[in-house]
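Visitor: My structure file final_9.txt, compact mmCIF, C-alpha atoms and all ligand atoms, is below:
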# COMPACT_ATOMS: atom_id res chain seq x y z
CA MET A 101 -24.55 -27.00 -39.05
CA ASP A 102 -23.00 -25.97 -42.37
CA GLN A 103 -19.60 -27.73 -42.65
CA SER A 104 -17.70 -24.56 -43.57
CA VAL A 105 -19.12 -22.69 -40.56
CA GLU A 106 -18.18 -25.61 -38.32
CA ASN A 107 -14.62 -25.68 -39.74
CA LYS A 108 -14.24 -21.94 -39.24
CA LYS A 109 -14.28 -22.57 -35.47
CA TYR A 110 -10.98 -24.41 -35.78
CA ALA A 111 -9.33 -21.63 -37.76
CA PRO A 112 -6.64 -19.60 -35.96
CA ILE A 113 -6.86 -16.07 -34.58
CA GLY A 114 -4.65 -13.53 -36.37
CA VAL A 115 -2.69 -11.29 -33.98
CA PHE A 116 -0.35 -8.51 -35.08
CA ASP A 117 1.94 -5.80 -33.78
CA SER A 118 4.89 -3.75 -35.01
CA GLY A 119 7.25 -6.18 -33.25
CA VAL A 120 7.45 -8.12 -30.01
CA GLY A 121 4.98 -5.99 -28.00
CA GLY A 122 1.92 -7.85 -29.23
CA LEU A 123 3.35 -11.00 -27.68
CA THR A 124 2.07 -9.65 -24.35
CA VAL A 125 -1.43 -9.87 -25.84
CA ALA A 126 -0.79 -13.26 -27.51
CA ARG A 127 0.43 -14.54 -24.11
CA GLU A 128 -2.84 -13.47 -22.49
CA ILE A 129 -4.91 -15.12 -25.27
CA MET A 130 -2.89 -18.33 -24.75
CA ARG A 131 -3.72 -18.21 -21.02
CA GLN A 132 -7.40 -17.33 -21.29
CA LEU A 133 -8.29 -19.19 -24.50
CA PRO A 134 -5.97 -22.21 -24.48
CA ARG A 135 -7.87 -24.00 -27.24
CA GLU A 136 -7.49 -21.20 -29.75
CA ARG A 137 -4.77 -21.38 -32.36
CA ILE A 138 -2.82 -18.18 -33.11
CA ILE A 139 -1.00 -16.83 -36.15
CA TYR A 140 1.14 -13.91 -35.01
CA PHE A 141 2.77 -11.34 -37.24
CA GLY A 142 5.44 -8.95 -35.90
CA ASP A 143 6.43 -6.20 -38.32
CA THR A 144 10.03 -6.19 -37.12
CA ALA A 145 11.34 -4.59 -40.33
CA ARG A 146 9.18 -1.48 -39.87
CA VAL A 147 9.07 -1.07 -36.08
CA PRO A 148 8.49 1.47 -34.53
CA TYR A 149 4.97 2.40 -35.58
CA GLY A 150 4.61 5.02 -32.86
CA SER A 151 6.42 7.81 -34.69
CA LYS A 152 4.82 7.19 -38.11
CA SER A 153 1.84 8.93 -39.70
CA ARG A 154 -1.74 7.73 -39.55
CA GLU A 155 -1.72 7.04 -43.33
CA THR A 156 1.37 4.86 -43.05
CA ILE A 157 -0.04 2.86 -40.14
CA ILE A 158 -3.30 2.31 -42.03
CA ARG A 159 -1.34 1.06 -45.07
CA TYR A 160 0.82 -1.27 -42.96
CA SER A 161 -2.20 -2.60 -41.07
CA ARG A 162 -4.08 -3.32 -44.32
CA GLN A 163 -1.11 -5.27 -45.69
CA ILE A 164 -0.83 -7.34 -42.52
CA ILE A 165 -4.57 -8.02 -42.33
CA HIS A 166 -4.52 -9.23 -45.96
CA PHE A 167 -1.63 -11.53 -45.09
CA LEU A 168 -3.48 -12.91 -42.05
CA GLU A 169 -6.65 -13.36 -44.10
CA SER A 170 -4.63 -15.34 -46.66
CA LYS A 171 -3.69 -17.68 -43.79
CA GLY A 172 -7.38 -18.37 -43.13
CA VAL A 173 -7.79 -16.71 -39.74
CA LYS A 174 -11.30 -16.41 -38.28
CA ALA A 175 -10.77 -13.17 -36.31
CA ILE A 176 -8.12 -10.50 -35.93
CA VAL A 177 -6.60 -8.90 -32.85
CA VAL A 178 -4.80 -5.62 -33.44
CA ALA A 179 -2.27 -6.12 -30.63
CA CYS A 180 -0.79 -2.68 -31.07
CA ASN A 181 -2.15 0.51 -29.54
CA THR A 182 -0.83 2.70 -32.36
CA ALA A 183 -2.52 0.59 -35.03
CA SER A 184 -5.67 0.38 -32.88
CA ALA A 185 -5.67 4.18 -32.55
CA PHE A 186 -5.03 4.98 -36.22
CA ALA A 187 -6.24 2.07 -38.33
CA LEU A 188 -8.88 0.00 -36.57
CA GLU A 189 -11.98 2.14 -37.19
CA GLU A 190 -10.80 2.92 -40.73
CA ILE A 191 -10.42 -0.76 -41.62
CA ARG A 192 -13.32 -2.27 -39.66
CA PRO A 193 -15.97 -1.54 -42.33
CA GLU A 194 -13.84 -3.42 -44.91
CA MET A 195 -13.67 -6.54 -42.76
CA LYS A 196 -15.73 -9.69 -43.19
CA MET A 197 -14.54 -11.15 -39.91
CA PRO A 198 -14.53 -9.92 -36.30
CA ILE A 199 -11.69 -7.58 -35.38
CA ILE A 200 -10.73 -6.17 -31.97
CA GLY A 201 -8.08 -3.70 -30.82
CA VAL A 202 -6.50 -3.01 -27.43
CA VAL A 203 -7.55 0.59 -26.73
CA LYS A 204 -11.25 0.21 -25.93
CA PRO A 205 -10.75 -2.67 -23.47
CA GLY A 206 -7.94 -0.82 -21.64
CA ALA A 207 -9.90 2.44 -21.46
CA ARG A 208 -12.95 0.66 -20.01
CA VAL A 209 -10.94 -0.94 -17.20
CA ALA A 210 -9.15 2.29 -16.29
CA ALA A 211 -12.40 4.27 -16.25
CA GLY A 212 -13.90 1.76 -13.82
CA LEU A 213 -10.80 1.43 -11.66
CA THR A 214 -9.97 5.05 -10.87
CA ARG A 215 -11.19 6.40 -7.53
CA ASN A 216 -10.06 10.02 -7.84
CA GLY A 217 -10.85 10.35 -11.58
CA ARG A 218 -7.24 11.05 -12.55
CA ILE A 219 -5.82 8.64 -15.10
CA GLY A 220 -2.41 8.64 -16.76
CA VAL A 221 -1.74 7.10 -20.16
CA ILE A 222 1.70 6.22 -21.46
CA GLY A 223 2.11 5.18 -25.07
CA THR A 224 3.75 6.01 -28.35
CA GLU A 225 3.70 9.52 -29.80
CA GLY A 226 0.99 8.34 -32.21
CA THR A 227 -1.30 6.88 -29.55
CA VAL A 228 -0.91 9.75 -27.07
CA GLY A 229 -1.22 12.39 -29.82
CA SER A 230 -4.42 10.77 -31.14
CA HIS A 231 -6.14 11.31 -27.72
CA ILE A 232 -8.02 8.09 -28.36
CA TYR A 233 -7.72 6.95 -24.73
CA THR A 234 -9.21 10.22 -23.50
CA GLU A 235 -12.09 9.81 -25.92
CA MET A 236 -12.73 6.18 -24.92
CA ILE A 237 -12.36 6.85 -21.17
CA HIS A 238 -14.86 9.71 -21.40
CA ARG A 239 -17.46 7.34 -22.86
CA HIS A 240 -17.43 5.51 -19.51
CA ASN A 241 -16.42 8.31 -17.17
CA PRO A 242 -16.99 11.78 -18.69
CA GLN A 243 -15.54 13.54 -15.64
CA ALA A 244 -12.20 11.74 -15.69
CA GLU A 245 -9.08 13.79 -16.21
CA VAL A 246 -6.66 12.02 -18.55
CA LEU A 247 -2.98 12.90 -18.73
CA GLY A 248 -0.93 11.45 -21.55
CA LYS A 249 2.82 11.04 -21.85
CA ALA A 250 4.59 9.66 -24.92
CA CYS A 251 7.53 7.40 -24.04
CA PRO A 252 9.10 6.71 -27.46
CA LEU A 253 12.39 5.31 -26.12
CA PHE A 254 10.64 2.41 -24.36
CA VAL A 255 9.97 0.54 -27.63
CA PRO A 256 13.60 0.26 -28.84
CA LEU A 257 14.74 -0.56 -25.29
CA VAL A 258 12.20 -3.39 -25.07
CA GLU A 259 12.99 -4.61 -28.61
CA GLU A 260 16.64 -4.67 -27.54
CA GLY A 261 15.69 -6.84 -24.55
CA TRP A 262 16.91 -4.26 -22.00
CA LEU A 263 14.03 -4.96 -19.67
CA LYS A 264 15.92 -4.50 -16.39
CA ASP A 265 18.85 -2.43 -17.59
CA PRO A 266 19.96 0.66 -15.58
CA VAL A 267 19.64 2.73 -18.76
CA THR A 268 15.97 1.72 -19.06
CA ILE A 269 15.38 2.53 -15.38
CA GLU A 270 16.85 6.02 -15.89
CA VAL A 271 14.72 6.60 -18.99
CA ALA A 272 11.60 5.37 -17.18
CA LYS A 273 12.24 7.66 -14.18
CA ARG A 274 12.58 10.64 -16.48
CA TYR A 275 9.40 9.91 -18.44
CA LEU A 276 7.31 9.07 -15.39
CA SER A 277 8.45 12.12 -13.42
CA SER A 278 5.89 14.08 -15.44
CA PHE A 279 3.18 12.36 -13.34
CA GLN A 280 4.78 13.30 -10.02
CA GLU A 281 2.60 16.32 -9.28
CA SER A 282 -0.48 15.01 -11.00
CA ASP A 283 -1.93 12.70 -8.30
CA ILE A 284 -3.05 10.03 -10.79
CA ASP A 285 -4.26 6.77 -9.19
CA THR A 286 -4.39 4.75 -12.42
CA LEU A 287 -1.87 4.44 -15.23
CA ILE A 288 -2.64 2.72 -18.54
CA LEU A 289 0.27 0.91 -20.16
CA GLY A 290 -0.97 2.13 -23.54
CA CYS A 291 1.59 0.38 -25.71
CA THR A 292 1.80 -3.38 -25.92
CA HIS A 293 5.55 -3.26 -25.36
CA TYR A 294 5.20 -1.60 -21.94
CA PRO A 295 3.80 -4.51 -19.88
CA LEU A 296 7.30 -5.98 -20.28
CA LEU A 297 8.50 -3.04 -18.14
CA ARG A 298 5.65 -3.41 -15.69
CA SER A 299 7.62 -4.20 -12.52
CA MET A 300 10.00 -1.30 -13.18
CA ILE A 301 7.10 1.10 -13.79
CA HIS A 302 5.33 -0.21 -10.67
CA GLU A 303 8.40 0.44 -8.56
CA ILE A 304 8.72 4.01 -9.85
CA MET A 305 5.01 4.89 -9.59
CA GLY A 306 4.46 3.24 -6.20
CA GLU A 307 1.74 1.06 -4.64
CA GLN A 308 -0.96 3.75 -4.81
CA VAL A 309 -1.09 3.75 -8.63
CA ASN A 310 -2.98 0.92 -10.39
CA LEU A 311 -1.28 -0.18 -13.57
CA VAL A 312 -3.65 -1.23 -16.36
CA ASN A 313 -2.41 -3.71 -18.94
CA PRO A 314 -5.08 -3.76 -21.68
CA ALA A 315 -3.97 -7.26 -22.77
CA TYR A 316 -6.06 -9.02 -20.11
CA GLU A 317 -9.29 -7.21 -21.06
CA THR A 318 -8.55 -7.62 -24.77
CA ALA A 319 -8.41 -11.40 -24.37
CA GLN A 320 -11.73 -11.25 -22.47
CA GLY A 321 -13.21 -9.09 -25.24
CA LEU A 322 -11.96 -11.55 -27.85
CA LYS A 323 -13.66 -14.39 -26.01
CA ARG A 324 -16.98 -12.50 -26.04
CA LEU A 325 -16.56 -11.67 -29.73
CA LEU A 326 -15.92 -15.32 -30.65
CA GLU A 327 -18.98 -16.38 -28.66
CA GLN A 328 -21.16 -13.77 -30.39
CA HIS A 329 -20.04 -15.05 -33.81
CA ASP A 330 -20.23 -18.71 -32.83
CA LEU A 331 -16.51 -19.06 -33.51
CA VAL A 332 -15.24 -20.54 -30.23
CA ASN A 333 -12.95 -23.51 -30.81
CA ASP A 334 -14.52 -26.31 -28.80
CA GLY A 335 -11.28 -28.26 -29.01
CA GLN A 336 -12.47 -31.12 -31.16
CA GLU A 337 -9.89 -30.64 -33.87
CA ALA A 338 -6.18 -30.04 -33.32
CA ARG A 339 -4.50 -31.03 -36.57
CA GLU A 340 -2.54 -27.86 -37.16
CA PRO A 341 0.24 -26.39 -35.00
CA MET A 342 -1.25 -24.30 -32.23
CA TYR A 343 0.94 -21.24 -32.65
CA GLN A 344 2.72 -19.88 -35.71
CA PHE A 345 4.89 -16.79 -35.87
CA TYR A 346 5.78 -14.61 -38.85
CA VAL A 347 8.00 -11.53 -38.95
CA SER A 348 9.24 -9.10 -41.59
CA ASP A 349 12.88 -9.15 -40.33
CA ALA A 350 15.30 -10.62 -37.77
CA ALA A 351 13.43 -13.90 -37.26
CA GLU A 352 16.00 -15.49 -34.97
CA LYS A 353 16.11 -12.50 -32.62
CA PHE A 354 12.31 -12.46 -32.51
CA LYS A 355 12.18 -16.19 -31.74
CA ASN A 356 14.61 -15.85 -28.84
CA PHE A 357 12.68 -12.93 -27.42
CA ALA A 358 9.35 -14.76 -27.78
CA ASN A 359 10.79 -17.77 -25.98
CA SER A 360 11.82 -15.58 -23.08
CA ILE A 361 8.28 -14.34 -22.43
CA LEU A 362 5.78 -16.88 -23.77
CA PRO A 363 4.48 -19.82 -21.72
CA CYS A 364 5.44 -22.19 -24.57
CA GLU A 365 8.58 -22.86 -26.59
CA ILE A 366 8.41 -21.72 -30.22
CA GLU A 367 10.56 -23.56 -32.75
CA LYS A 368 10.79 -20.91 -35.40
CA ALA A 369 9.58 -17.57 -36.64
CA ARG A 370 9.17 -17.43 -40.40
CA LEU A 371 10.37 -14.47 -42.41
CA ILE A 372 7.98 -12.99 -44.98
CA HIS A 373 8.09 -9.96 -47.28
CA ILE A 374 4.94 -8.19 -46.24
CA GLU A 375 5.15 -5.48 -48.94
CA GLU A 376 4.90 -8.05 -51.74
N1 LIG A 401 3.53 -1.95 -29.54
C1 LIG A 401 2.97 -0.89 -30.28
C2 LIG A 401 1.89 -0.14 -29.57
O1 LIG A 401 1.20 -0.74 -28.77
C3 LIG A 401 3.81 -0.07 -31.14
C4 LIG A 401 5.16 0.32 -30.69
C5 LIG A 401 5.85 0.95 -31.85
O2 LIG A 401 6.03 0.25 -32.84
O3 LIG A 401 6.14 2.15 -31.78
O4 LIG A 401 1.66 1.02 -29.80
Write the structure described by the file as C-alpha cells, please.
Guide:
Amino acid sequence: MDQSVENKKYAPIGVFDSGVGGLTVAREIMRQLPRERIIYFGDTARVPYGSKSRETIIRYSRQIIHFLESKGVKAIVVACNTASAFALEEIRPEMKMPIIGVVKPGARVAAGLTRNGRIGVIGTEGTVGSHIYTEMIHRHNPQAEVLGKACPLFVPLVEEGWLKDPVTIEVAKRYLSSFQESDIDTLILGCTHYPLLRSMIHEIMGEQVNLVNPAYETAQGLKRLLEQHDLVNDGQEAREPMYQFYVSDAAEKFKNFANSILPCEIEKARLIHIEE
C-alpha cells in the first residue's frame, strides 16, 4: 500500500465542540475505539454556540476545521449539535476527509426506540429552532411526533460544573415540565453538554422515558466511516500522545473539568487563538 495512505491510518481524529460538551463524545470514542488518537478543540472563549446565528456557527466551525486539518487529522467529528445542525451540511462539500456530526446518529436511534411515536428533543435554541431532529427522525419514522424544547441555561450550568446543584435541578424541572402532558416515551439529549445531566434528567422524566445520548451512536458511526475509508488505526504505531486538547480560553478550568469526566488523566490543555 502507498506509504502516505498507510500513515494516514495513524493520524488522529479531530473532535470539536463549543466547550466541554464534546468531551462526552470524545469519551465514547475513547471507549469504543481505544486505538484511535484524538485531537480535541473546545471553543471555550466563544461558548455558547446555541444562541448564535447560523452564519456565525458556520464561520466558527470553518476556523476550527482548518485548525484541526493543520494538525493532520484524518477525520472530523462535529461533537456539537448546534454546529452539526447549522454547519455540517454547508461545510461537507468543502472537505477532503470524512466528517460526521451527532444529529443523524441520535435521530436514528430515537426513531427506532420509540414505541408510541412521541419523541422529545432538548437542545440549544439553535438546534431546536432548526428542526433538524424532526427532519432526520422523519426520514426513519415519518409518523413520529417530535416535540422540541430549548434549554439554554443547561450549557452555562454544565460549564460551571454545577452538575448536581439544587439550582440546576430546579432549572431542569422547569424546562422538562413542558413534556409533562405530552406522553413522550423517548427523549433525545440533543446537546452534547446534556449527557452530563443525564441522571438528573432521568430522575425527573421517570423510568418510562428512554433517554438517547447521541454520543454512543456517533462513535459507532465514526467506526463505520473509518472502515469505509480504510482509515482504522490497527494499533501498529503509537509514537504520538494519544489525546491532545486545545481550547480558546480558560485552559486550566477546561483541564480540571476534562479530568473529572474522562477515563484518562490529561496533563494539559493548550491555549490557541483560533481567530488568527
Ligand atoms: N454542546 C453544544 C451542542 O451540542 C453547544 C452548546 C452551546 O455552546 O450552546 O449544541
Visitor: Which residue out of A:Asn181, A:Ser161, A:Thr124, A:Ser278 has the minimum interatomic distance to ligand LIG 401 (chain A) when all atoms listed in the file are used?
Guide: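 Distance minimum relative to ligand LIG 401 (chain A) lands on A:Asn181.
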Visitor: Please provide the set of residues having any atom within 12 Å of Pro134 (chain A), restricted to only C-alpha atoms, with same-chain residues fewer than 3 positions apart removed, written as a list in words.
Guide: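 In the requested form, the answer reads Pro112, Ile113, Ala126, Arg127, Glu128, Ile129, Met130, Arg131, Arg137, Ile138, Ala319, Lys323, Val332, Asn333, Asp334, Gly335, Ala338, Met342, Tyr343, Pro363 and Cys364 of chain A.
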Visitor: Please save C-alpha atoms of the selected residues as a compact mmCIF listing (two decimals), in the coordinates of the input.
Guide:
# COMPACT_ATOMS: atom_id res chain seq x y z
CA PRO A 112 -6.64 -19.60 -35.96
CA ILE A 113 -6.86 -16.07 -34.58
CA ALA A 126 -0.79 -13.26 -27.51
CA ARG A 127 0.43 -14.54 -24.11
CA GLU A 128 -2.84 -13.47 -22.49
CA ILE A 129 -4.91 -15.12 -25.27
CA MET A 130 -2.89 -18.33 -24.75
CA ARG A 131 -3.72 -18.21 -21.02
CA ARG A 137 -4.77 -21.38 -32.36
CA ILE A 138 -2.82 -18.18 -33.11
CA ALA A 319 -8.41 -11.40 -24.37
CA LYS A 323 -13.66 -14.39 -26.01
CA VAL A 332 -15.24 -20.54 -30.23
CA ASN A 333 -12.95 -23.51 -30.81
CA ASP A 334 -14.52 -26.31 -28.80
CA GLY A 335 -11.28 -28.26 -29.01
CA ALA A 338 -6.18 -30.04 -33.32
CA MET A 342 -1.25 -24.30 -32.23
CA TYR A 343 0.94 -21.24 -32.65
CA PRO A 363 4.48 -19.82 -21.72
CA CYS A 364 5.44 -22.19 -24.57
Visitor: As JSON, please report the centre and edge lengths, rounded to one decimal in Å, of the axis-aligned box that holds all listed atoms of ligand LIG 401 (chain A) with 4 Å of padding on each of the six sides.
Guide:
{"center_x": 3.7, "center_y": 0.1, "center_z": -30.8, "size_x": 12.9, "size_y": 12.1, "size_z": 12.1}
Visitor: Do you have the CA of Ile164 (chain A)-CA of Asp143 (chain A) distance handy?
Guide: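 Between CA of Ile164 (chain A) and CA of Asp143 (chain A) the gap works out to 8.5 Å.
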Visitor: Write out as a list in words which residues come within 6 Å of region 166-177 of chain A when counting all atoms listed in the file, dropping same-chain ones fewer than 6 positions away.
Guide: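 My reading of the contact set: Ala111, Pro112, Ile113, Gly114, Val115, Met197, Pro198, Ile199, Ile200 and Gly201 of chain A.
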